[in-house]
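Shown next: coords_5.txt, given as compact mmCIF, C-alpha atoms.
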# COMPACT_ATOMS: atom_id res chain seq x y z
CA MET A 1 11.82 114.53 -119.67
CA ASN A 2 10.07 116.98 -121.96
CA ASP A 3 6.83 118.89 -121.37
CA THR A 4 4.57 116.38 -123.06
CA LEU A 5 5.74 113.54 -120.83
CA ARG A 6 5.27 115.81 -117.83
CA GLN A 7 1.73 116.56 -118.98
CA ALA A 8 0.99 112.85 -119.47
CA ARG A 9 2.19 112.36 -115.92
CA ALA A 10 -0.34 114.88 -114.63
CA GLY A 11 -3.30 113.70 -116.72
CA ASN A 12 -2.83 109.95 -116.23
CA PRO A 13 -0.19 109.35 -113.55
CA ARG A 14 0.11 105.61 -114.19
CA LEU A 15 0.65 106.07 -117.93
CA GLY A 16 2.98 108.98 -117.18
CA GLN A 17 5.22 106.75 -115.04
CA GLN A 18 5.25 104.08 -117.76
CA LEU A 19 6.25 106.60 -120.44
CA VAL A 20 9.01 108.07 -118.28
CA PHE A 21 10.41 104.56 -117.75
CA LEU A 22 10.16 103.72 -121.47
CA SER A 23 11.91 106.94 -122.34
CA GLU A 24 14.67 106.47 -119.72
CA ILE A 25 15.58 102.95 -120.89
CA ASP A 26 16.45 104.34 -124.33
CA LYS A 27 19.87 104.93 -122.71
CA LEU A 28 20.62 101.20 -122.89
CA LYS A 29 21.41 101.85 -126.58
CA LEU A 30 24.42 103.88 -125.40
CA VAL A 31 25.91 101.13 -123.20
CA ARG A 32 28.78 99.56 -125.10
CA ARG A 33 29.70 95.87 -124.74
CA ARG A 34 33.10 94.23 -125.37
CA THR A 35 31.74 92.16 -128.24
CA PRO A 36 31.89 93.50 -131.81
CA VAL A 37 29.09 93.17 -134.35
CA THR A 38 29.92 90.46 -136.88
CA ASP A 39 31.37 92.81 -139.54
CA ASN A 40 33.73 94.14 -136.85
CA SER A 41 32.81 97.76 -137.65
CA ARG A 42 32.01 98.65 -134.03
CA MET A 43 31.24 97.23 -130.60
CA GLU A 44 27.68 96.16 -130.06
CA ASN A 45 25.46 97.89 -127.48
CA SER A 46 23.37 96.24 -124.78
CA ALA A 47 20.00 97.07 -126.38
CA GLU A 48 20.71 95.40 -129.71
CA HIS A 49 22.45 92.53 -127.89
CA THR A 50 19.25 91.97 -125.94
CA TRP A 51 17.20 91.78 -129.14
CA HIS A 52 19.65 89.26 -130.59
CA ALA A 53 19.51 87.09 -127.46
CA ILE A 54 15.70 87.11 -127.59
CA VAL A 55 15.69 85.72 -131.15
CA CYS A 56 18.31 83.14 -130.08
CA ALA A 57 15.93 81.97 -127.34
CA MET A 58 13.03 81.68 -129.79
CA VAL A 59 15.05 79.65 -132.29
CA LEU A 60 17.10 77.46 -129.92
CA ARG A 61 14.74 76.65 -127.06
CA GLU A 62 13.92 73.29 -128.68
CA HIS A 63 17.42 72.18 -127.61
CA MET A 64 16.44 72.51 -123.96
CA PRO A 65 15.37 69.12 -122.58
CA GLN A 66 13.09 70.65 -119.91
CA ARG A 67 9.78 72.39 -120.52
CA VAL A 68 10.16 76.12 -120.37
CA ASP A 69 7.71 79.04 -120.21
CA LEU A 70 9.08 80.91 -123.22
CA LEU A 71 7.14 84.11 -122.44
CA ARG A 72 8.85 84.33 -119.07
CA SER A 73 12.28 83.76 -120.63
CA LEU A 74 11.71 86.43 -123.27
CA GLN A 75 10.46 88.97 -120.72
CA MET A 76 13.44 88.20 -118.49
CA LEU A 77 15.83 88.71 -121.39
CA ALA A 78 14.10 91.93 -122.44
CA ILE A 79 14.83 93.53 -119.05
CA HIS A 80 18.01 91.68 -117.97
CA ASP A 81 20.51 94.37 -118.99
CA ILE A 82 18.53 97.54 -118.14
CA VAL A 83 20.50 97.92 -114.87
CA GLU A 84 23.59 98.57 -117.02
CA ILE A 85 22.23 102.07 -117.73
CA ASP A 86 23.45 103.01 -114.24
CA ALA A 87 25.88 100.18 -113.45
CA GLY A 88 27.65 99.86 -116.83
CA ASP A 89 28.41 96.64 -118.67
CA THR A 90 30.71 94.55 -116.47
CA PHE A 91 33.21 92.63 -118.61
CA ALA A 92 32.67 88.91 -118.06
CA TYR A 93 36.41 88.28 -117.71
CA ASP A 94 37.18 91.17 -115.30
CA ALA A 95 37.27 89.46 -111.88
CA GLU A 96 37.66 92.69 -109.89
CA ALA A 97 34.67 94.43 -111.48
CA GLN A 98 32.61 91.26 -111.08
CA GLU A 99 33.04 91.58 -107.29
CA THR A 100 31.24 94.92 -107.05
CA LYS A 101 28.71 94.12 -109.79
CA GLY A 102 25.95 92.85 -107.49
CA GLU A 103 25.78 95.93 -105.32
CA ARG A 104 26.01 98.37 -108.24
CA GLU A 105 23.27 96.57 -110.11
CA GLU A 106 20.93 96.36 -107.11
CA ARG A 107 21.06 100.14 -106.74
CA ALA A 108 20.44 100.53 -110.47
CA ALA A 109 17.45 98.18 -110.35
CA ALA A 110 15.93 100.16 -107.47
CA ARG A 111 16.20 103.45 -109.36
CA LEU A 112 15.29 102.30 -112.88
CA PHE A 113 12.50 99.81 -112.20
CA GLY A 114 11.32 102.22 -109.48
CA LEU A 115 10.26 104.64 -112.24
CA LEU A 116 7.37 102.27 -113.03
CA PRO A 117 4.06 102.03 -111.16
CA ASP A 118 4.67 99.99 -107.97
CA ASP A 119 3.04 96.75 -109.15
CA GLN A 120 5.05 96.71 -112.38
CA ALA A 121 8.25 97.68 -110.56
CA VAL A 122 7.81 94.72 -108.20
CA GLU A 123 7.04 92.34 -111.07
CA ILE A 124 10.04 93.38 -113.15
CA ARG A 125 12.47 93.35 -110.20
CA ARG A 126 11.25 89.84 -109.46
CA LEU A 127 11.94 88.82 -113.08
CA TRP A 128 15.40 90.37 -112.87
CA HIS A 129 16.23 88.59 -109.58
CA GLU A 130 15.03 85.32 -111.08
CA PHE A 131 17.37 85.89 -114.02
CA GLU A 132 20.30 86.66 -111.73
CA ALA A 133 19.71 83.60 -109.50
CA MET A 134 19.81 81.22 -112.52
CA GLN A 135 17.76 78.54 -110.75
CA THR A 136 14.61 78.17 -112.87
CA PRO A 137 14.50 76.63 -116.37
CA GLU A 138 13.38 80.03 -117.73
CA SER A 139 16.40 81.84 -116.30
CA ARG A 140 18.75 79.05 -117.39
CA LEU A 141 17.55 79.37 -120.98
CA ALA A 142 17.96 83.15 -120.75
CA HIS A 143 21.53 82.88 -119.45
CA ALA A 144 22.40 80.24 -122.03
CA VAL A 145 21.40 82.41 -125.01
CA ASP A 146 22.89 85.54 -123.40
CA ARG A 147 26.28 83.81 -123.31
CA LEU A 148 25.93 81.89 -126.55
CA GLN A 149 25.16 85.11 -128.42
CA ALA A 150 28.52 86.53 -127.26
CA LEU A 151 30.35 83.35 -128.33
CA LEU A 152 28.66 83.53 -131.74
CA LEU A 153 29.74 87.15 -132.26
CA ASN A 154 33.28 86.51 -131.01
CA SER A 155 33.52 83.55 -133.33
CA GLU A 156 32.15 85.39 -136.38
CA SER A 157 34.25 88.51 -135.80
CA GLY A 158 37.55 86.66 -135.45
CA GLY A 159 37.89 86.62 -131.68
CA GLY A 160 36.12 89.73 -130.42
CA SER A 161 36.27 90.18 -126.67
CA TRP A 162 38.62 87.17 -126.32
CA ARG A 163 41.35 89.26 -127.98
CA SER A 164 42.05 91.22 -124.78
CA GLY A 165 44.95 88.80 -124.20
CA GLU A 166 43.79 88.01 -120.66
CA VAL A 167 41.29 85.32 -121.47
CA THR A 168 42.18 81.69 -120.79
CA ARG A 169 40.50 78.50 -121.96
CA PRO A 170 39.34 77.48 -118.45
CA LYS A 171 37.69 80.89 -118.04
CA VAL A 172 35.87 80.64 -121.37
CA GLU A 173 34.78 77.10 -120.55
CA ALA A 174 33.45 78.24 -117.17
CA ARG A 175 31.60 81.10 -118.86
CA MET A 176 30.04 78.68 -121.36
CA GLY A 177 29.10 76.12 -118.68
CA PRO A 178 25.49 77.38 -118.48
CA VAL A 179 25.18 77.13 -122.27
CA VAL A 180 26.06 73.45 -122.50
CA ALA A 181 24.16 72.66 -119.29
CA ALA A 182 20.92 74.18 -120.60
CA LEU A 183 21.33 73.31 -124.29
CA PRO A 184 23.33 70.04 -124.33
CA SER A 185 23.14 69.54 -128.10
CA LEU A 186 25.15 72.74 -128.52
CA ALA A 187 28.15 71.32 -126.61
CA PRO A 188 30.09 70.12 -129.70
CA PHE A 189 29.68 73.49 -131.41
CA VAL A 190 30.80 75.42 -128.31
CA GLU A 191 33.78 73.08 -127.89
CA ASP A 192 34.75 73.46 -131.58
CA VAL A 193 34.74 77.26 -131.32
CA ILE A 194 36.85 77.22 -128.16
CA ASP A 195 39.26 74.71 -129.76
CA ALA A 196 39.66 76.79 -132.91
CA PHE A 197 40.39 80.02 -131.03
CA THR A 198 42.75 78.28 -128.61
CA ARG A 199 44.70 76.76 -131.53
CA ALA A 200 44.82 80.21 -133.16
CA GLY A 201 46.35 81.63 -129.96
CA VAL A 202 43.45 84.06 -129.34
CA ILE A 203 42.33 82.22 -126.19
CA ARG A 204 45.32 81.37 -123.92
CA ARG A 205 45.67 77.74 -122.89
CA GLY A 206 45.42 78.66 -119.19
CA MET B 207 30.16 82.12 -142.38
CA ASN B 208 33.34 80.92 -140.69
CA ASP B 209 34.70 77.37 -140.45
CA THR B 210 33.14 76.54 -137.11
CA LEU B 211 29.64 77.37 -138.31
CA ARG B 212 30.31 75.27 -141.42
CA GLN B 213 31.40 72.38 -139.20
CA ALA B 214 28.28 72.73 -137.03
CA ARG B 215 26.28 72.54 -140.22
CA ALA B 216 27.89 69.22 -141.13
CA GLY B 217 27.71 67.63 -137.67
CA ASN B 218 24.14 68.70 -136.81
CA PRO B 219 22.47 70.16 -139.91
CA ARG B 220 19.43 71.51 -138.08
CA LEU B 221 21.52 73.33 -135.47
CA GLY B 222 23.84 74.48 -138.26
CA GLN B 223 20.96 76.16 -140.10
CA GLN B 224 19.79 77.82 -136.89
CA LEU B 225 23.26 79.21 -136.16
CA VAL B 226 23.69 80.49 -139.72
CA PHE B 227 20.35 82.34 -139.39
CA LEU B 228 21.26 83.73 -135.96
CA SER B 229 24.58 84.93 -137.30
CA GLU B 230 23.05 86.48 -140.45
CA ILE B 231 20.46 88.52 -138.55
CA ASP B 232 23.26 90.32 -136.70
CA LYS B 233 23.16 92.63 -139.76
CA LEU B 234 19.91 94.19 -138.49
CA LYS B 235 22.18 96.19 -136.14
CA LEU B 236 23.55 97.98 -139.22
CA VAL B 237 20.14 99.06 -140.60
CA ARG B 238 19.67 102.71 -139.74
CA ARG B 239 16.23 104.21 -139.02
CA ARG B 240 15.14 107.86 -139.37
CA THR B 241 14.53 108.22 -135.65
CA PRO B 242 17.32 109.45 -133.35
CA VAL B 243 18.09 108.01 -129.94
CA THR B 244 16.81 110.32 -127.21
CA ASP B 245 20.13 112.15 -126.63
CA ASN B 246 20.20 112.93 -130.38
CA SER B 247 23.77 111.60 -130.73
CA ARG B 248 22.93 109.28 -133.63
CA MET B 249 20.10 107.57 -135.50
CA GLU B 250 18.80 104.40 -133.93
CA ASN B 251 19.16 101.04 -135.67
CA SER B 252 16.42 98.49 -136.27
CA ALA B 253 17.78 95.91 -133.81
CA GLU B 254 17.79 98.21 -130.79
CA HIS B 255 14.45 99.71 -131.92
CA THR B 256 13.00 96.20 -131.83
CA TRP B 257 14.19 95.65 -128.28
CA HIS B 258 12.66 98.97 -127.22
CA ALA B 259 9.31 98.11 -128.84
CA ILE B 260 9.29 94.74 -127.02
CA VAL B 261 9.63 96.44 -123.62
CA CYS B 262 6.92 98.92 -124.65
CA ALA B 263 4.58 95.99 -125.34
CA MET B 264 5.34 94.42 -121.95
CA VAL B 265 4.70 97.65 -120.06
CA LEU B 266 1.74 99.04 -122.03
CA ARG B 267 -0.33 96.01 -122.95
CA GLU B 268 -2.64 96.65 -119.97
CA HIS B 269 -4.02 99.60 -121.98
CA MET B 270 -5.38 97.23 -124.61
CA PRO B 271 -9.05 96.49 -123.92
CA GLN B 272 -8.94 93.07 -125.66
CA ARG B 273 -7.20 89.97 -124.35
CA VAL B 274 -3.91 89.42 -126.11
CA ASP B 275 -1.44 86.52 -126.27
CA LEU B 276 1.61 88.50 -125.18
CA LEU B 277 4.07 85.77 -126.19
CA ARG B 278 2.81 85.93 -129.75
CA SER B 279 3.08 89.72 -129.81
CA LEU B 280 6.64 89.65 -128.46
CA GLN B 281 7.74 86.98 -130.95
CA MET B 282 6.14 88.95 -133.78
CA LEU B 283 7.95 92.10 -132.71
CA ALA B 284 11.26 90.25 -132.35
CA ILE B 285 11.20 89.24 -136.03
CA HIS B 286 9.13 92.06 -137.61
CA ASP B 287 12.07 94.09 -138.94
CA ILE B 288 14.46 91.29 -139.96
CA VAL B 289 13.40 91.69 -143.63
CA GLU B 290 15.03 95.14 -143.54
CA ILE B 291 18.44 93.43 -143.72
CA ASP B 292 17.75 92.96 -147.45
CA ALA B 293 14.93 95.45 -148.07
CA GLY B 294 16.21 98.41 -146.00
CA ASP B 295 14.17 100.52 -143.61
CA THR B 296 11.38 102.18 -145.60
CA PHE B 297 10.71 105.68 -144.24
CA ALA B 298 7.12 105.81 -142.98
CA TYR B 299 6.47 109.16 -144.70
CA ASP B 300 8.00 108.26 -148.11
CA ALA B 301 4.95 107.37 -150.23
CA GLU B 302 6.96 106.24 -153.25
CA ALA B 303 9.15 103.81 -151.32
CA GLN B 304 6.08 102.51 -149.49
CA GLU B 305 4.68 101.35 -152.85
CA THR B 306 7.52 98.90 -153.55
CA LYS B 307 7.95 97.89 -149.90
CA GLY B 308 5.72 94.81 -150.03
CA GLU B 309 7.51 93.13 -152.90
CA ARG B 310 11.00 93.94 -151.60
CA GLU B 311 10.14 92.61 -148.17
CA GLU B 312 8.55 89.39 -149.46
CA ARG B 313 11.78 88.53 -151.29
CA ALA B 314 13.76 89.34 -148.15
CA ALA B 315 11.52 87.15 -146.01
CA ALA B 316 11.98 84.23 -148.41
CA ARG B 317 15.77 84.46 -148.29
CA LEU B 318 16.29 85.30 -144.62
CA PHE B 319 13.68 83.09 -142.93
CA GLY B 320 14.59 80.43 -145.53
CA LEU B 321 17.95 80.03 -143.79
CA LEU B 322 16.12 78.28 -140.93
CA PRO B 323 14.98 74.64 -140.88
CA ASP B 324 11.74 74.40 -142.91
CA ASP B 325 9.32 74.12 -139.97
CA GLN B 326 10.79 77.18 -138.26
CA ALA B 327 10.92 79.12 -141.53
CA VAL B 328 7.21 78.46 -142.08
CA GLU B 329 6.33 79.42 -138.51
CA ILE B 330 8.29 82.68 -138.57
CA ARG B 331 7.02 83.71 -142.01
CA ARG B 332 3.50 83.12 -140.71
CA LEU B 333 4.22 85.36 -137.71
CA TRP B 334 5.62 88.03 -140.03
CA HIS B 335 2.58 87.87 -142.35
CA GLU B 336 0.29 88.11 -139.34
CA PHE B 337 2.18 91.23 -138.24
CA GLU B 338 1.92 92.79 -141.70
CA ALA B 339 -1.82 92.07 -142.03
CA MET B 340 -2.60 93.87 -138.74
CA GLN B 341 -5.85 91.93 -138.20
CA THR B 342 -5.31 90.03 -134.93
CA PRO B 343 -5.14 91.63 -131.45
CA GLU B 344 -1.51 90.42 -131.18
CA SER B 345 -0.46 92.14 -134.39
CA ARG B 346 -2.39 95.29 -133.49
CA LEU B 347 -0.53 95.54 -130.18
CA ALA B 348 2.76 94.97 -132.01
CA HIS B 349 2.03 97.74 -134.56
CA ALA B 350 0.84 100.09 -131.84
CA VAL B 351 4.09 99.87 -129.84
CA ASP B 352 6.20 99.88 -133.02
CA ARG B 353 4.72 103.27 -133.93
CA LEU B 354 4.42 104.64 -130.42
CA GLN B 355 8.13 103.96 -129.82
CA ALA B 356 8.98 106.20 -132.81
CA LEU B 357 6.66 108.96 -131.53
CA LEU B 358 8.29 108.73 -128.09
CA LEU B 359 11.79 109.11 -129.57
CA ASN B 360 10.75 111.92 -131.91
CA SER B 361 9.13 113.69 -129.01
CA GLU B 362 12.11 113.25 -126.64
CA SER B 363 14.70 114.21 -129.27
CA GLY B 364 12.99 117.43 -130.30
CA GLY B 365 11.28 116.28 -133.48
CA GLY B 366 13.46 113.52 -134.91
CA SER B 367 12.17 112.09 -138.18
CA TRP B 368 9.40 114.73 -138.35
CA ARG B 369 12.08 117.34 -139.03
CA SER B 370 12.41 116.29 -142.68
CA GLY B 371 10.07 119.21 -143.51
CA GLU B 372 7.76 116.97 -145.54
CA VAL B 373 5.65 115.63 -142.70
CA THR B 374 2.12 116.95 -142.24
CA ARG B 375 -0.25 116.63 -139.31
CA PRO B 376 -2.77 114.44 -141.21
CA LYS B 377 0.06 112.05 -142.13
CA VAL B 378 1.28 111.77 -138.54
CA GLU B 379 -2.29 111.26 -137.33
CA ALA B 380 -2.83 108.51 -139.90
CA ARG B 381 0.45 106.89 -138.84
CA MET B 382 -0.64 107.00 -135.18
CA GLY B 383 -4.14 105.68 -135.93
CA PRO B 384 -3.22 102.11 -134.95
CA VAL B 385 -1.76 103.35 -131.66
CA VAL B 386 -4.93 105.06 -130.45
CA ALA B 387 -7.12 102.27 -131.88
CA ALA B 388 -5.26 99.56 -129.96
CA LEU B 389 -4.38 101.56 -126.84
CA PRO B 390 -7.22 104.09 -126.43
CA SER B 391 -5.99 105.49 -123.11
CA LEU B 392 -2.90 106.74 -124.93
CA ALA B 393 -4.93 108.99 -127.25
CA PRO B 394 -4.59 112.19 -125.17
CA PHE B 395 -0.80 111.74 -124.92
CA VAL B 396 -0.43 111.11 -128.67
CA GLU B 397 -2.63 114.13 -129.43
CA ASP B 398 -0.62 116.35 -127.04
CA VAL B 399 2.65 115.39 -128.71
CA ILE B 400 1.28 116.05 -132.20
CA ASP B 401 -0.20 119.39 -131.01
CA ALA B 402 3.07 120.51 -129.46
CA PHE B 403 5.15 119.72 -132.56
CA THR B 404 2.58 121.28 -134.87
CA ARG B 405 2.57 124.47 -132.80
CA ALA B 406 6.38 124.47 -132.89
CA GLY B 407 6.28 124.27 -136.71
CA VAL B 408 8.09 120.91 -136.86
CA ILE B 409 5.01 119.08 -138.17
CA ARG B 410 3.33 121.05 -141.00
CA ARG B 411 -0.38 121.77 -140.59
CA GLY B 412 -1.23 119.91 -143.81
As structure tokens, how would this structure be written, given the file I've shared?
Amino acid sequence: MNDTLRQARAGNPRLGQQLVFLSEIDKLKLVRRRTPVTDNSRMENSAEHTWHAIVCAMVLREHMPQRVDLLRSLQMLAIHDIVEIDAGDTFAYDAEAQETKGEREERAAARLFGLLPDDQAVEIRRLWHEFEAMQTPESRLAHAVDRLQALLLNSESGGGSWRSGEVTRPKVEARMGPVVAALPSLAPFVEDVIDAFTRAGVIRRG
Amino acid sequence: MNDTLRQARAGNPRLGQQLVFLSEIDKLKLVRRRTPVTDNSRMENSAEHTWHAIVCAMVLREHMPQRVDLLRSLQMLAIHDIVEIDAGDTFAYDAEAQETKGEREERAAARLFGLLPDDQAVEIRRLWHEFEAMQTPESRLAHAVDRLQALLLNSESGGGSWRSGEVTRPKVEARMGPVVAALPSLAPFVEDVIDAFTRAGVIRRG
């Protein structure tokens, strides 16, 4: 934190806390995911991934049969990966890392959202817990586009994170379950992609 | 566009258009800005910048005296830089490039948003024009956080895009005008940052 942020903190403590938080979350741009950008030149990071998922939600929400509060979904998406600044990106197909993910991310949420003024910290942690619980229509849309975006990039980049050699068809289908549950008209597309990459030997049959 | 997207286009043309658009906009991650990420390791790209501006809007909108439809602001921000895929990022302090920006970006908007189904293309172009016109409270909040985010990164990274040697205090103040107009309680912070970097000789006195 540089001097000017420190000064802002003294002159207007609430604004100071907000600016410290907004400056700290810049680090999400340095968290690397397992999914490449579509031209395969590098792995994508969690900040740009989040932007992409937000536009996916805007464009695809019409495929969700239930009514959904789009503002809540977009806000949830905007903050859903911030915990990765401390907890790292946990690879979706790494069962061991998935086991410790909850605890690591809870600690990260306490520290990072705790930089904000109390009322905003409470509100954003609530949004993040709602996302994680995947019970409301808003969080189901958010999860659906979060996972669909990864499938789209893997598909466009020739396999992406599926190329680790460890990924089986049943695991990919389980991962995409929330996509087809929330956005049923996307089921044929998702199935076609999984078929194509299983036939090509990128995804193992199981 | 790979085979599976082509197939989706045949089986469900509307969904196919949406997926082609969502795949094409991945290229925004390759558009480099003049502002470095806070650890100075690289320049930021327009996709991750957009995400950062969206969180700024969520956290700072309480500083806007007028009522604002936050959903509209967030959607506007989410799409405001997509035209840069074709038109490039135009440096804020490059007067010559600013002159041709409008025409280049209109062509880009026609091609890129035109990938979507007609009704969505019309809706998103309208959002983008509203952003550009900077007349509504929603677009003024969006511009304010768009510019404030750059100031925050320049400040945290020790000068960032101001270090080109061409940037004068009156130009930075003009650029930050929409920030202090929309979010008046941020004026002292903005002024402190500009003061500090003028004293340090990074921003020229004019």
So which residues touch B:Pro384 within 8 Å, counting only C-alpha atoms, skipping near sequence neighbours fewer than 4 positions away, as a list of chain:residue names?
B:Arg346, B:His349, B:Ala350, B:Ala388
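Neighbours of A:Ile79 closer than or equal to 10 Å, with all atoms listed in the file counted and sequence neighbours fewer than 3 positions away skipped, come out as Ile25, Ala47, Thr50, Leu74, Gln75, Met76, Ile82, Val83, Phe113, Ile124, Arg125, Leu127, Trp128 and Phe131 of chain A; Trp257, Ile260, Val261 and Met264 of chain B.
Within 7 Å of chain A, and counting all atoms listed in the file, chain B contributes B:Asn208, B:Thr210, B:Ala214, B:Gln224, B:Leu228, B:Asp232, B:Lys235, B:Val243, B:Thr244, B:Ala253, B:Glu254, B:Thr256, B:Trp257, B:Val261, B:Cys262, B:Val265, B:Leu277, B:Ala284, B:Glu362, B:Phe395, B:Asp398, B:Val399.
In this structure, atom CA of B:Gly294 sits 14.4 Å away from atom CA of B:Thr241.
What separates atom CA of B:Leu318 from atom CA of B:His286 is a distance of 12.1 Å.
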Can you tell me which residues surround A:Thr90 at a distance of at most 12 Å, considering all atoms listed in the file, apart from same-chain residues fewer than 6 positions away, and format the answer as a VMD selection string?
chain A and resid 31 to 34 46 81 83 to 84 96 to 102 104 to 105
Please tell me which residues are no farther than 12 Å from (44.6, 82.5, -130.2) in the file, counting all atoms listed in the file, and write them as a list in words.
Ser155, Gly158, Gly159, Gly160, Ser161, Trp162, Arg163, Ser164, Gly165, Glu166, Val167, Thr168, Arg169, Val193, Ile194, Asp195, Ala196, Phe197, Thr198, Arg199, Ala200, Gly201, Val202, Ile203, Arg204, Arg205 and Gly206 of chain A
I'd like the contact shell of A:Gln66 - 12 Å cut-off, only C-alpha atoms, skipping same-chain residues fewer than 6 positions apart - returned as a list of chain:residue names.
A:Thr136, A:Pro137, A:Glu138, A:Arg140, A:Leu141, A:Ala181, A:Ala182, A:Leu183, A:Pro184
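Using all atoms listed in the file, the smallest distance between any of A:Ala110, A:Val68, A:Ala121, A:Ala57 and A:Leu148 comes from A:Ala57.
Between atom CA of A:Arg6 and atom CA of A:Val122 the interatomic distance comes to 23.3 Å.
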